[in-house]
$ cat start-v2.cif   # mmCIF, C-alpha atoms and all ligand atoms
data_protein
loop_
_atom_site.label_atom_id
_atom_site.label_comp_id
_atom_site.auth_asym_id
_atom_site.auth_seq_id
_atom_site.Cartn_x
_atom_site.Cartn_y
_atom_site.Cartn_z
CA MET A 54 -23.52 10.62 28.23
CA ALA A 55 -20.77 8.02 27.99
CA SER A 56 -18.59 8.14 31.12
CA GLU A 57 -14.85 8.57 30.94
CA PHE A 58 -12.56 5.54 30.79
CA LYS A 59 -10.64 5.04 34.05
CA SER A 60 -6.99 4.20 33.61
CA LEU A 61 -6.00 1.77 36.39
CA ASN A 62 -2.81 1.51 38.42
CA VAL A 63 -1.80 -2.09 37.85
CA ALA A 64 0.81 -4.02 39.83
CA VAL A 65 2.21 -7.03 37.96
CA ILE A 66 3.95 -9.42 40.36
CA GLY A 67 6.68 -11.28 38.46
CA GLY A 68 8.81 -10.13 35.53
CA GLY A 69 8.84 -13.48 33.69
CA LEU A 70 7.41 -14.12 30.23
CA GLY A 71 3.82 -14.16 31.55
CA GLY A 72 4.14 -10.99 33.63
CA LEU A 73 5.72 -9.06 30.77
CA SER A 74 3.00 -10.22 28.36
CA ALA A 75 0.34 -8.97 30.79
CA ALA A 76 2.18 -5.68 31.28
CA ILE A 77 2.27 -5.04 27.52
CA SER A 78 -1.35 -6.01 26.93
CA LEU A 79 -2.66 -3.82 29.79
CA ARG A 80 -0.39 -0.94 28.77
CA ARG A 81 -1.84 -1.11 25.27
CA ALA A 82 -5.34 -1.08 26.83
CA GLY A 83 -4.55 2.28 28.46
CA HIS A 84 -3.45 1.40 32.02
CA LYS A 85 -0.40 2.36 34.13
CA ILE A 86 1.73 -0.64 34.91
CA THR A 87 4.43 -1.35 37.49
CA ILE A 88 6.19 -4.72 37.30
CA TYR A 89 7.66 -6.06 40.56
CA GLU A 90 10.33 -8.75 40.24
CA ARG A 91 11.89 -10.59 43.19
CA HIS A 92 15.35 -10.82 41.62
CA SER A 93 17.79 -7.95 41.31
CA PHE A 94 17.63 -8.32 37.53
CA VAL A 95 15.09 -9.60 35.06
CA GLY A 96 16.20 -12.18 32.58
CA GLU A 97 15.80 -15.70 31.33
CA VAL A 98 17.83 -18.80 30.68
CA GLY A 99 19.15 -19.82 27.27
CA ALA A 100 16.83 -22.80 26.80
CA GLY A 101 14.37 -22.95 23.91
CA ILE A 102 10.71 -22.03 23.80
CA GLY A 103 8.10 -22.59 21.13
CA ILE A 104 5.36 -20.05 20.46
CA PRO A 105 2.65 -21.47 18.20
CA SER A 106 0.36 -19.20 16.20
CA ASN A 107 -2.17 -18.66 19.01
CA GLY A 108 0.64 -16.94 20.93
CA SER A 109 2.66 -15.34 18.12
CA LYS A 110 -0.52 -13.64 16.88
CA TRP A 111 -0.62 -11.46 20.01
CA LEU A 112 3.08 -10.59 19.91
CA TYR A 113 2.51 -9.05 16.48
CA ASN A 114 -0.77 -7.51 17.59
CA TRP A 115 0.93 -5.73 20.52
CA GLY A 116 3.68 -4.36 18.26
CA VAL A 117 6.49 -6.48 19.75
CA ASP A 118 9.58 -6.44 17.51
CA VAL A 119 9.38 -10.21 16.99
CA GLU A 120 12.19 -10.32 14.42
CA ALA A 121 14.62 -8.78 16.95
CA GLY A 122 14.19 -12.02 18.95
CA LYS A 123 15.65 -13.95 15.99
CA PRO A 124 12.89 -16.57 15.81
CA VAL A 125 13.11 -19.62 13.62
CA VAL A 126 9.90 -20.56 11.84
CA ALA A 127 9.37 -24.22 12.71
CA ASN A 128 8.25 -25.90 9.50
CA ARG A 129 7.67 -29.51 10.53
CA LEU A 130 7.84 -32.15 13.22
CA ILE A 131 10.10 -35.14 12.60
CA ILE A 132 10.10 -38.36 14.62
CA HIS A 133 13.32 -40.39 14.69
CA ARG A 134 13.96 -43.91 15.84
CA TRP A 135 15.44 -43.89 19.32
CA ASP A 136 18.54 -45.98 18.78
CA ASN A 137 19.69 -45.06 15.26
CA GLY A 138 17.92 -41.82 14.33
CA GLU A 139 16.14 -43.24 11.29
CA VAL A 140 13.21 -40.95 10.30
CA MET A 141 9.97 -42.71 11.19
CA ALA A 142 7.39 -39.99 10.52
CA THR A 143 6.97 -36.30 9.76
CA ALA A 144 4.14 -33.80 10.17
CA PRO A 145 3.92 -30.31 8.66
CA LEU A 146 4.00 -27.17 10.81
CA GLY A 147 4.96 -24.77 8.05
CA ASP A 148 1.32 -24.29 7.12
CA SER A 149 0.50 -22.56 10.46
CA LYS A 150 0.52 -19.20 8.72
CA GLU A 151 -1.74 -20.41 5.95
CA LYS A 152 -4.15 -22.03 8.41
CA PHE A 153 -4.03 -19.62 11.35
CA LYS A 154 -2.43 -16.49 9.80
CA TYR A 155 0.62 -16.65 12.10
CA ASP A 156 3.72 -18.85 12.18
CA THR A 157 4.85 -21.27 14.88
CA LEU A 158 8.05 -19.67 16.16
CA SER A 159 11.02 -21.17 18.02
CA PHE A 160 13.04 -18.83 20.22
CA GLN A 161 15.64 -18.90 22.93
CA ARG A 162 13.84 -17.96 26.14
CA CYS A 163 16.28 -15.10 26.80
CA ASP A 164 15.50 -13.62 23.35
CA VAL A 165 11.72 -13.63 23.93
CA HIS A 166 12.22 -12.13 27.36
CA ARG A 167 14.38 -9.34 25.91
CA ILE A 168 11.90 -8.34 23.18
CA LEU A 169 8.98 -8.39 25.63
CA LEU A 170 10.88 -6.30 28.19
CA ASP A 171 11.94 -3.80 25.50
CA THR A 172 8.31 -3.44 24.39
CA ALA A 173 6.99 -3.07 27.94
CA LEU A 174 9.49 -0.34 28.89
CA SER A 175 9.83 1.39 25.52
CA LYS A 176 8.82 5.03 25.12
CA LYS A 177 7.66 4.05 21.65
CA GLY A 178 4.30 2.43 21.02
CA LEU A 179 0.83 2.85 22.43
CA GLY A 180 0.35 3.59 26.13
CA ILE A 181 2.47 4.72 29.05
CA PRO A 182 5.83 2.88 29.35
CA CYS A 183 5.71 0.28 32.15
CA LYS A 184 7.87 0.75 35.25
CA LEU A 185 10.12 -2.07 36.43
CA VAL A 186 10.97 -2.48 40.12
CA THR A 187 13.50 -5.23 40.90
CA SER A 188 14.52 -6.85 44.22
CA HIS A 189 10.88 -6.87 45.35
CA ARG A 190 9.63 -10.26 46.48
CA ALA A 191 5.89 -10.13 47.15
CA VAL A 192 4.98 -12.09 50.27
CA GLN A 193 1.36 -11.17 50.94
CA VAL A 194 -1.66 -9.66 49.22
CA GLU A 195 -4.92 -8.33 50.63
CA ALA A 196 -7.13 -9.11 47.67
CA GLU A 197 -10.08 -6.80 48.35
CA LEU A 198 -7.78 -3.79 48.88
CA GLY A 199 -5.20 -4.57 46.19
CA LYS A 200 -2.54 -4.20 48.86
CA VAL A 201 0.75 -6.04 48.30
CA THR A 202 3.45 -6.48 50.95
CA PHE A 203 7.04 -7.21 49.93
CA GLU A 204 9.75 -9.02 51.84
CA ASN A 205 11.61 -5.71 52.31
CA ARG A 206 8.49 -4.50 54.20
CA GLU A 207 7.45 -2.09 51.48
CA VAL A 208 3.68 -2.01 50.95
CA ILE A 209 1.93 -0.82 47.79
CA THR A 210 -1.73 -0.49 46.83
CA ALA A 211 -2.94 -0.98 43.26
CA ASP A 212 -6.34 -0.91 41.55
CA LEU A 213 -5.53 -4.28 40.03
CA VAL A 214 -2.91 -6.90 40.94
CA ILE A 215 -1.78 -9.43 38.33
CA ALA A 216 -0.09 -12.38 40.03
CA ALA A 217 2.38 -13.74 37.46
CA ASP A 218 4.76 -15.20 40.01
CA GLY A 219 5.14 -18.62 38.43
CA ILE A 220 4.42 -22.23 39.27
CA HIS A 221 5.29 -21.86 42.97
CA SER A 222 3.15 -18.69 43.26
CA LYS A 223 2.97 -17.11 46.72
CA MET A 224 0.11 -14.87 45.58
CA ARG A 225 -1.95 -17.95 44.71
CA SER A 226 -1.78 -19.26 48.26
CA ALA A 227 -2.43 -15.74 49.54
CA ILE A 228 -5.81 -15.80 47.77
CA GLY A 229 -6.67 -19.14 49.34
CA ILE A 230 -5.75 -21.73 46.71
CA THR A 231 -3.90 -24.87 47.77
CA PRO A 232 -2.85 -26.72 44.62
CA GLU A 233 -3.38 -30.45 44.28
CA VAL A 234 -0.01 -31.41 42.84
CA THR A 235 1.68 -34.63 41.88
CA GLN A 236 5.17 -34.99 40.57
CA ALA A 237 5.15 -36.29 36.98
CA SER A 238 6.67 -39.68 36.29
CA SER A 239 9.32 -38.03 34.15
CA CYS A 240 11.76 -35.18 34.31
CA ALA A 241 13.89 -33.30 31.75
CA TYR A 242 17.33 -31.91 31.20
CA ARG A 243 17.41 -28.79 29.05
CA HIS A 244 20.65 -27.91 27.32
CA VAL A 245 22.01 -25.99 24.34
CA ILE A 246 24.74 -26.35 21.73
CA SER A 247 25.80 -23.91 19.03
CA LYS A 248 25.18 -24.66 15.36
CA ALA A 249 28.88 -23.96 14.77
CA LYS A 250 29.77 -26.76 17.21
CA LEU A 251 27.31 -29.13 15.53
CA ASP A 252 28.94 -28.40 12.16
CA GLU A 253 32.38 -28.99 13.69
CA LEU A 254 31.16 -32.39 14.97
CA GLY A 255 29.83 -33.27 11.51
CA LEU A 256 26.25 -33.25 12.83
CA GLY A 257 25.12 -30.13 10.98
CA ASP A 258 22.31 -31.96 9.22
CA ILE A 259 20.40 -32.15 12.52
CA CYS A 260 18.09 -29.14 12.59
CA SER A 261 19.25 -27.93 9.19
CA SER A 262 15.63 -28.15 8.08
CA GLU A 263 14.24 -25.87 10.82
CA ALA A 264 12.16 -28.74 12.13
CA ILE A 265 11.33 -29.70 15.69
CA GLU A 266 12.84 -33.18 15.93
CA PHE A 267 11.91 -35.96 18.35
CA TRP A 268 13.69 -39.17 19.28
CA THR A 269 11.17 -41.49 20.95
CA LYS A 270 10.61 -45.02 22.15
CA PRO A 271 7.89 -46.62 24.26
CA GLY A 272 8.04 -45.20 27.77
CA MET A 273 8.85 -41.74 29.07
CA GLU A 274 12.17 -41.17 27.31
CA LYS A 275 12.02 -38.50 24.64
CA ILE A 276 14.53 -36.08 23.13
CA VAL A 277 13.27 -32.85 21.55
CA ILE A 278 15.63 -30.71 19.47
CA GLY A 279 14.83 -27.34 17.89
CA CYS A 280 16.74 -24.35 16.46
CA ALA A 281 16.57 -20.81 17.80
CA HIS A 282 18.42 -17.49 17.61
CA GLY A 283 18.35 -17.35 13.81
CA GLY A 284 19.44 -21.00 13.62
CA GLU A 285 22.71 -20.31 15.50
CA VAL A 286 21.65 -22.14 18.68
CA ILE A 287 20.23 -25.63 19.04
CA CYS A 288 18.04 -26.17 22.12
CA VAL A 289 17.56 -29.69 23.45
CA TYR A 290 15.10 -31.16 25.95
CA SER A 291 15.96 -34.67 27.16
CA PHE A 292 13.13 -36.35 29.07
CA PHE A 293 13.64 -39.43 31.23
CA ALA A 294 11.55 -41.53 33.62
CA ILE A 295 11.78 -40.98 37.37
CA ASP A 296 10.20 -42.51 40.42
CA PRO A 297 7.71 -39.80 41.46
CA SER A 298 7.52 -41.15 45.00
CA LYS A 299 11.14 -40.06 45.54
CA HIS A 300 11.04 -36.33 46.10
CA GLU A 301 14.17 -34.91 44.58
CA LYS A 302 15.57 -31.42 44.92
CA ASP A 303 13.78 -28.77 42.83
CA GLY A 304 14.99 -25.47 41.35
CA TRP A 305 15.85 -23.88 37.99
CA ASN A 306 19.59 -24.01 38.52
CA ILE A 307 20.44 -27.64 39.27
CA SER A 308 23.18 -28.62 36.81
CA THR A 309 24.74 -31.86 35.70
CA THR A 310 27.78 -32.83 33.64
CA PRO A 311 27.63 -33.97 29.98
CA ASP A 312 28.85 -37.45 31.03
CA GLN A 313 26.08 -37.83 33.61
CA LEU A 314 23.58 -36.64 31.01
CA VAL A 315 24.65 -39.25 28.45
CA ALA A 316 24.66 -41.95 31.14
CA LYS A 317 20.88 -41.44 31.51
CA PHE A 318 20.36 -42.43 27.85
CA PRO A 319 22.63 -45.45 27.19
CA THR A 320 20.68 -46.81 24.18
CA LEU A 321 20.12 -43.47 22.41
CA ASP A 322 21.23 -42.69 18.82
CA PRO A 323 25.02 -42.08 19.17
CA ARG A 324 24.73 -38.80 17.21
CA VAL A 325 22.43 -37.36 19.87
CA GLN A 326 24.73 -38.68 22.59
CA ARG A 327 27.55 -36.68 20.97
CA ILE A 328 25.36 -33.58 21.04
CA MET A 329 24.86 -34.20 24.76
CA LEU A 330 28.59 -34.60 25.36
CA HIS A 331 29.23 -31.15 23.84
CA SER A 332 26.18 -29.40 25.29
CA LYS A 333 26.34 -26.34 27.53
CA ASP A 334 24.10 -24.97 30.24
CA ILE A 335 22.67 -28.38 31.25
CA LYS A 336 19.90 -27.86 33.81
CA VAL A 337 17.34 -30.16 35.41
CA TRP A 338 13.67 -29.33 34.89
CA ARG A 339 11.30 -31.08 37.30
CA LEU A 340 7.76 -31.56 36.01
CA TYR A 341 4.56 -31.33 38.04
CA ILE A 342 0.91 -32.02 37.33
CA HIS A 343 -1.44 -29.46 38.89
CA LYS A 344 -5.17 -30.12 38.93
CA PRO A 345 -7.06 -27.07 37.57
CA TYR A 346 -7.75 -24.59 40.38
CA PRO A 347 -11.31 -23.75 41.49
CA TYR A 348 -10.91 -20.03 40.74
CA TRP A 349 -8.27 -17.60 39.44
CA THR A 350 -9.38 -14.29 40.90
CA ARG A 351 -10.20 -12.80 44.29
CA GLY A 352 -11.14 -9.16 44.85
CA ARG A 353 -8.66 -7.14 42.80
CA VAL A 354 -6.21 -9.99 42.22
CA ALA A 355 -5.95 -12.19 39.12
CA LEU A 356 -3.61 -15.13 38.60
CA LEU A 357 -1.90 -15.44 35.21
CA GLY A 358 0.43 -17.85 33.43
CA ASP A 359 2.06 -20.62 35.44
CA ALA A 360 0.57 -19.20 38.65
CA ALA A 361 -2.89 -19.93 37.18
CA HIS A 362 -2.40 -23.07 35.09
CA PRO A 363 0.98 -24.82 35.28
CA MET A 364 1.16 -27.39 32.51
CA LEU A 365 3.51 -30.00 31.17
CA PRO A 366 5.49 -28.82 28.15
CA ASP A 367 4.26 -31.39 25.63
CA GLN A 368 1.79 -29.21 23.71
CA THR A 369 4.26 -26.26 23.60
CA GLN A 370 1.57 -24.08 25.16
CA GLY A 371 3.00 -22.82 28.49
CA HIS A 372 3.92 -19.33 27.36
CA SER A 373 1.20 -19.14 24.72
CA GLN A 374 -1.45 -19.78 27.36
CA ALA A 375 0.06 -16.97 29.46
CA ILE A 376 -0.10 -14.78 26.34
CA GLU A 377 -3.77 -15.68 25.89
CA ASP A 378 -4.39 -14.75 29.56
CA ALA A 379 -2.68 -11.42 28.94
CA ALA A 380 -4.67 -10.81 25.76
CA ALA A 381 -7.94 -11.59 27.58
CA LEU A 382 -7.05 -9.13 30.36
CA GLY A 383 -6.29 -6.48 27.75
CA LEU A 384 -9.76 -6.99 26.31
CA VAL A 385 -11.81 -7.14 29.52
CA PHE A 386 -10.02 -3.99 30.74
CA SER A 387 -10.26 -2.22 27.36
CA LYS A 388 -12.11 1.03 26.72
CA GLN A 389 -14.75 -1.01 24.96
CA TYR A 390 -15.52 -3.50 27.74
CA PHE A 391 -14.35 -2.08 31.08
CA HIS A 392 -17.11 -0.30 32.95
CA GLY A 393 -15.32 0.61 36.19
CA ASN A 394 -15.18 4.19 35.06
CA SER A 395 -15.68 6.22 38.23
CA ASN A 396 -14.51 5.83 41.81
CA GLN A 397 -18.05 4.83 42.83
CA ASN A 398 -18.29 1.76 40.66
CA LEU A 399 -14.60 1.10 40.17
CA GLU A 400 -14.42 -1.94 42.41
CA ALA A 401 -17.58 -3.49 40.95
CA GLY A 402 -16.22 -2.86 37.45
CA ILE A 403 -12.92 -4.57 38.29
CA VAL A 404 -14.67 -7.59 39.81
CA GLU A 405 -16.98 -7.85 36.81
CA ALA A 406 -14.03 -7.69 34.39
CA LEU A 407 -12.15 -10.35 36.36
CA GLN A 408 -15.18 -12.64 36.29
CA ARG A 409 -15.20 -12.31 32.51
CA TYR A 410 -11.50 -13.13 32.48
CA GLU A 411 -12.16 -16.34 34.41
CA LYS A 412 -15.07 -17.19 32.15
CA VAL A 413 -13.14 -16.90 28.90
CA ARG A 414 -9.90 -18.45 30.14
CA MET A 415 -10.34 -21.12 32.82
CA LYS A 416 -12.05 -23.83 30.80
CA ARG A 417 -9.73 -23.52 27.84
CA ALA A 418 -6.57 -23.51 29.97
CA ALA A 419 -7.79 -26.59 31.89
CA ALA A 420 -8.37 -28.45 28.60
CA ILE A 421 -4.83 -27.62 27.48
CA GLN A 422 -3.38 -28.70 30.86
CA ASP A 423 -5.13 -32.03 30.33
CA ALA A 424 -4.01 -32.35 26.69
CA SER A 425 -0.42 -31.58 27.72
CA ALA A 426 -0.42 -34.33 30.35
CA LYS A 427 -1.79 -36.81 27.79
CA ALA A 428 0.91 -35.88 25.26
CA ARG A 429 3.59 -36.43 27.95
CA ASP A 430 2.49 -40.06 28.06
CA ASP A 431 1.93 -40.49 24.32
CA LEU A 432 3.33 -38.23 21.59
CA ARG A 433 0.42 -39.10 19.29
CA GLU A 434 -1.78 -37.04 21.63
CA ARG A 435 0.01 -33.90 20.47
CA ILE A 436 -2.59 -31.58 18.91
CA GLY A 437 -2.28 -31.50 15.13
CA TRP A 438 -0.08 -34.57 15.06
CA VAL A 439 -0.94 -36.50 11.90
CA GLN A 440 1.61 -39.12 10.99
CA LYS A 441 2.93 -39.11 7.44
CA ALA A 442 5.16 -42.00 6.47
C1 LIG A 501 12.75 -24.83 30.72
C2 LIG A 501 11.38 -24.43 30.29
C3 LIG A 501 10.99 -24.64 28.96
C4 LIG A 501 9.72 -24.28 28.53
N1 LIG A 501 9.38 -24.44 27.21
C5 LIG A 501 8.20 -23.95 26.77
C6 LIG A 501 7.81 -23.98 25.39
O1 LIG A 501 8.53 -24.48 24.53
N2 LIG A 501 6.64 -23.39 25.02
C7 LIG A 501 5.84 -22.78 25.95
O2 LIG A 501 4.80 -22.21 25.55
N3 LIG A 501 6.13 -22.78 27.25
C8 LIG A 501 7.29 -23.34 27.69
N4 LIG A 501 7.60 -23.31 29.00
C9 LIG A 501 6.65 -22.77 29.96
C10 LIG A 501 6.65 -21.28 29.89
O3 LIG A 501 7.95 -20.76 29.96
C11 LIG A 501 5.82 -20.72 31.01
O4 LIG A 501 4.61 -21.40 31.04
C12 LIG A 501 5.58 -19.25 30.70
O5 LIG A 501 6.81 -18.61 30.55
C13 LIG A 501 4.78 -18.52 31.75
O6 LIG A 501 5.61 -18.29 32.83
P1 LIG A 501 5.28 -17.24 33.95
O7 LIG A 501 5.77 -15.88 33.57
O8 LIG A 501 3.87 -17.40 34.35
O9 LIG A 501 6.18 -17.81 35.13
P2 LIG A 501 7.76 -17.78 35.26
O10 LIG A 501 8.44 -17.87 33.96
O11 LIG A 501 8.11 -18.78 36.31
O12 LIG A 501 8.03 -16.31 35.82
C14 LIG A 501 7.70 -15.94 37.13
C15 LIG A 501 8.46 -14.67 37.47
O13 LIG A 501 8.01 -14.20 38.73
C16 LIG A 501 9.11 -13.95 39.57
N5 LIG A 501 8.63 -14.18 40.94
C17 LIG A 501 8.34 -15.37 41.52
N6 LIG A 501 7.86 -15.19 42.77
C18 LIG A 501 7.84 -13.86 42.97
C19 LIG A 501 7.43 -13.04 44.07
N7 LIG A 501 6.95 -13.59 45.19
N8 LIG A 501 7.53 -11.70 43.95
C20 LIG A 501 8.02 -11.13 42.81
N9 LIG A 501 8.44 -11.86 41.74
C21 LIG A 501 8.33 -13.20 41.81
C22 LIG A 501 10.17 -14.94 39.11
O14 LIG A 501 11.47 -14.55 39.50
C23 LIG A 501 9.96 -14.89 37.60
O15 LIG A 501 10.65 -13.82 37.01
C24 LIG A 501 8.82 -23.72 29.46
C25 LIG A 501 9.20 -23.54 30.80
C26 LIG A 501 10.47 -23.87 31.22
C27 LIG A 501 10.90 -23.64 32.64
#

$ encode --input "start-v2.cif" --output "structure tokens"
Amino acid sequence: MASEFKSLNVAVIGGGLGGLSAAISLRRAGHKITIYERHSFVGEVGAGIGIPSNGSKWLYNWGVDVEAGKPVVANRLIIHRWDNGEVMATAPLGDSKEKFKYDTLSFQRCDVHRILLDTALSKKGLGIPCKLVTSHRAVQVEAELGKVTFENREVITADLVIAADGIHSKMRSAIGITPEVTQASSCAYRHVISKAKLDELGLGDICSSEAIEFWTKPGMEKIVIGCAHGGEVICVYSFFAIDPSKHEKDGWNISTTPDQLVAKFPTLDPRVQRIMLHSKDIKVWRLYIHKPYPYWTRGRVALLGDAAHPMLPDQTQGHSQAIEDAAALGLVFSKQYFHGNSNQNLEAGIVEALQRYEKVRMKRAAAIQDASAKARDDLRERIGWVQKA
């Protein structure tokens, strides 16, 4: 006789894009999810994020209201000359749907976060609505017991712990991984400007074609511009070379002024310099190269997203790889594949499922980490990049 499916109590540590993706996927698979977030609120910044078809596929699959996030379908890549903006090459993206059944979507990060959170907590849709607990910073985990201790001294025990606590993951060190990290030889500013402001400046033609546009020259400097929020917001990433031996301050909230931003790019196309001068929400984004970790799971704990495989942004795969992690967890813990169905073999079933998770995900994520680092150095390494004059 087939034994009954055991619905697990799952603790997701981290309410970022990766943690929410995992919460939705495991909810859909029939489990009870509590998301613990260190901050007193959950939210995201206004910068842009691209979700290619390997990620957008799962958003639709999980029943996320993608359109409510006002995505822009990115239809092509355009490369401009650094100093005068002349178009040097283009490559199509608009055929993603034709090739892979799903579009490449450009969002504002806060929009994706909102639609994922709504889906996770909603009473509508398959599975039990997830619970969200804020102001809970996890500081320790006992992997074999699934026991998590928070800074406020609260302790919880879960059947399964998903550590989605980002690039500086505490849970990762708690399961014995010490990352081999080097600072990348470049760094980025991320900033936004409204389409209305662009029109007012007479620069409305930039991004009018729903393309992802690059300004490049030999070296590390690169500007990436894409539309989001139904085309109303233009998100810009401005990369510049740094001396990696000088350890500069890190954090998501280090700002700069428009004048200082422009001063970093003295030879850049003057139109893009004007965009910089009128940009808002300018924040520094430090970039790190992590060597792939030797394992992702211990006992009842699994790493996911940036906690498992931080990567440089140049293949636009950071969130999509976290989505793939989440999708894989949803499958290995599904009614079809999860065999930890009674208290006697529950632990063995969880360990077996997590081994499968590592098997299907680690190699692929490591290859994409590597491909992302290569594309940081040379844009032609971007997957799918075929130059068309
Ligand atoms: C500016 C920027 C632009 C990006 N652009 C793209 C892009 O275009 N395409 C793409 O695919 N990817 C992009 N990425 C990467 C992508 O956002 C991440 O890879 C993806 O969101 C996965 O993140 P995560 O949820 O694993 O980690 P994070 O987004 O870092 O979320 C971690 C969450 O855990 C919480 N947390 C941390 N520690 C604890 C703790 N101890 N206890 C409880 N909670 C904790 C944090 O507060 C946060 O909410 C970008 C990243 C950044 C920063």

$ residues_around --input "start-v2.cif" --residues "A:Gly69" --least-positions-apart "6" --cutoff "12 Å" --atoms "all atoms listed in the file" --output "MDAnalysis selection string"
chainID A and resid 75:76 88:92 94:98 162:163 165:167 169:170 185 187 216:220 357:360 372 375:376

$ closest_residue --input "start-v2.cif" --among "A:Ile181, A:Leu146, A:Ile295, A:Ala424" --to "A:Arg80" --atoms "all atoms listed in the file"
A:Ile181

$ residues_around --input "start-v2.cif" --residues "A:Glu377" --least-positions-apart "2" --cutoff "8 Å" --atoms "all atoms listed in the file" --output "list of chain:residue names"
A:Asn107, A:Gly108, A:Trp111, A:Ser373, A:Gln374, A:Ala375, A:Ala379, A:Ala380, A:Ala381, A:Arg414

$ axis_aligned_box --input "start-v2.cif" --around "ligand LIG 501 (chain A)" --padding-each-side "5 Å" --output "AutoDock Vina command-line options"
--center_x 8.3 --center_y -18.0 --center_z 34.9 --size_x 18.9 --size_y 23.7 --size_z 30.7

$ closest_residue --input "start-v2.cif" --among "A:Phe318, A:Phe293, A:Trp268, A:Tyr341" --to "ligand LIG 501 (chain A)" --atoms "all atoms listed in the file"
A:Tyr341

$ residues_around --input "start-v2.cif" --residues "A:Phe391" --least-positions-apart "5" --cutoff "7 Å" --atoms "all atoms listed in the file" --output "ChimeraX atom specification"
/A:385-386,402,406

$ decode --input "start-v2.cif" --residues "stretch 268-303 of chain A" --atoms "C-alpha atoms" --output "PDB file, in the first residue's frame"
ATOM      1  CA  TRP A 268      27.966  50.986 -23.717  1.00  0.00           C
ATOM      2  CA  THR A 269      31.347  49.244 -23.760  1.00  0.00           C
ATOM      3  CA  LYS A 270      35.028  49.751 -24.416  1.00  0.00           C
ATOM      4  CA  PRO A 271      38.080  47.584 -23.780  1.00  0.00           C
ATOM      5  CA  GLY A 272      38.557  47.161 -20.044  1.00  0.00           C
ATOM      6  CA  MET A 273      36.087  46.829 -17.196  1.00  0.00           C
ATOM      7  CA  GLU A 274      33.921  49.871 -17.884  1.00  0.00           C
ATOM      8  CA  LYS A 275      30.429  49.004 -19.031  1.00  0.00           C
ATOM      9  CA  ILE A 276      27.038  50.703 -18.803  1.00  0.00           C
ATOM     10  CA  VAL A 277      23.878  48.568 -18.949  1.00  0.00           C
ATOM     11  CA  ILE A 278      20.482  50.235 -19.367  1.00  0.00           C
ATOM     12  CA  GLY A 279      17.096  48.489 -19.366  1.00  0.00           C
ATOM     13  CA  CYS A 280      13.422  49.441 -18.927  1.00  0.00           C
ATOM     14  CA  ALA A 281      11.154  48.148 -16.177  1.00  0.00           C
ATOM     15  CA  HIS A 282       7.810  48.899 -14.507  1.00  0.00           C
ATOM     16  CA  GLY A 283       5.871  48.918 -17.773  1.00  0.00           C
ATOM     17  CA  GLY A 284       8.554  51.082 -19.399  1.00  0.00           C
ATOM     18  CA  GLU A 285       8.068  53.917 -16.860  1.00  0.00           C
ATOM     19  CA  VAL A 286      11.406  53.357 -15.099  1.00  0.00           C
ATOM     20  CA  ILE A 287      14.864  53.066 -16.627  1.00  0.00           C
ATOM     21  CA  CYS A 288      17.363  51.042 -14.573  1.00  0.00           C
ATOM     22  CA  VAL A 289      21.077  51.617 -15.088  1.00  0.00           C
ATOM     23  CA  TYR A 290      24.142  49.631 -14.007  1.00  0.00           C
ATOM     24  CA  SER A 291      27.446  51.490 -14.391  1.00  0.00           C
ATOM     25  CA  PHE A 292      30.495  49.244 -13.983  1.00  0.00           C
ATOM     26  CA  PHE A 293      33.999  50.594 -13.404  1.00  0.00           C
ATOM     27  CA  ALA A 294      37.438  49.168 -12.640  1.00  0.00           C
ATOM     28  CA  ILE A 295      38.744  49.079  -9.075  1.00  0.00           C
ATOM     29  CA  ASP A 296      41.906  47.946  -7.390  1.00  0.00           C
ATOM     30  CA  PRO A 297      40.764  44.704  -5.703  1.00  0.00           C
ATOM     31  CA  SER A 298      43.666  44.818  -3.255  1.00  0.00           C
ATOM     32  CA  LYS A 299      42.102  47.899  -1.639  1.00  0.00           C
ATOM     33  CA  HIS A 300      39.275  46.645   0.524  1.00  0.00           C
ATOM     34  CA  GLU A 301      36.563  49.240   0.397  1.00  0.00           C
ATOM     35  CA  LYS A 302      33.458  49.486   2.523  1.00  0.00           C
ATOM     36  CA  ASP A 303      30.676  47.047   1.577  1.00  0.00           C
TER      37      ASP A 303
END
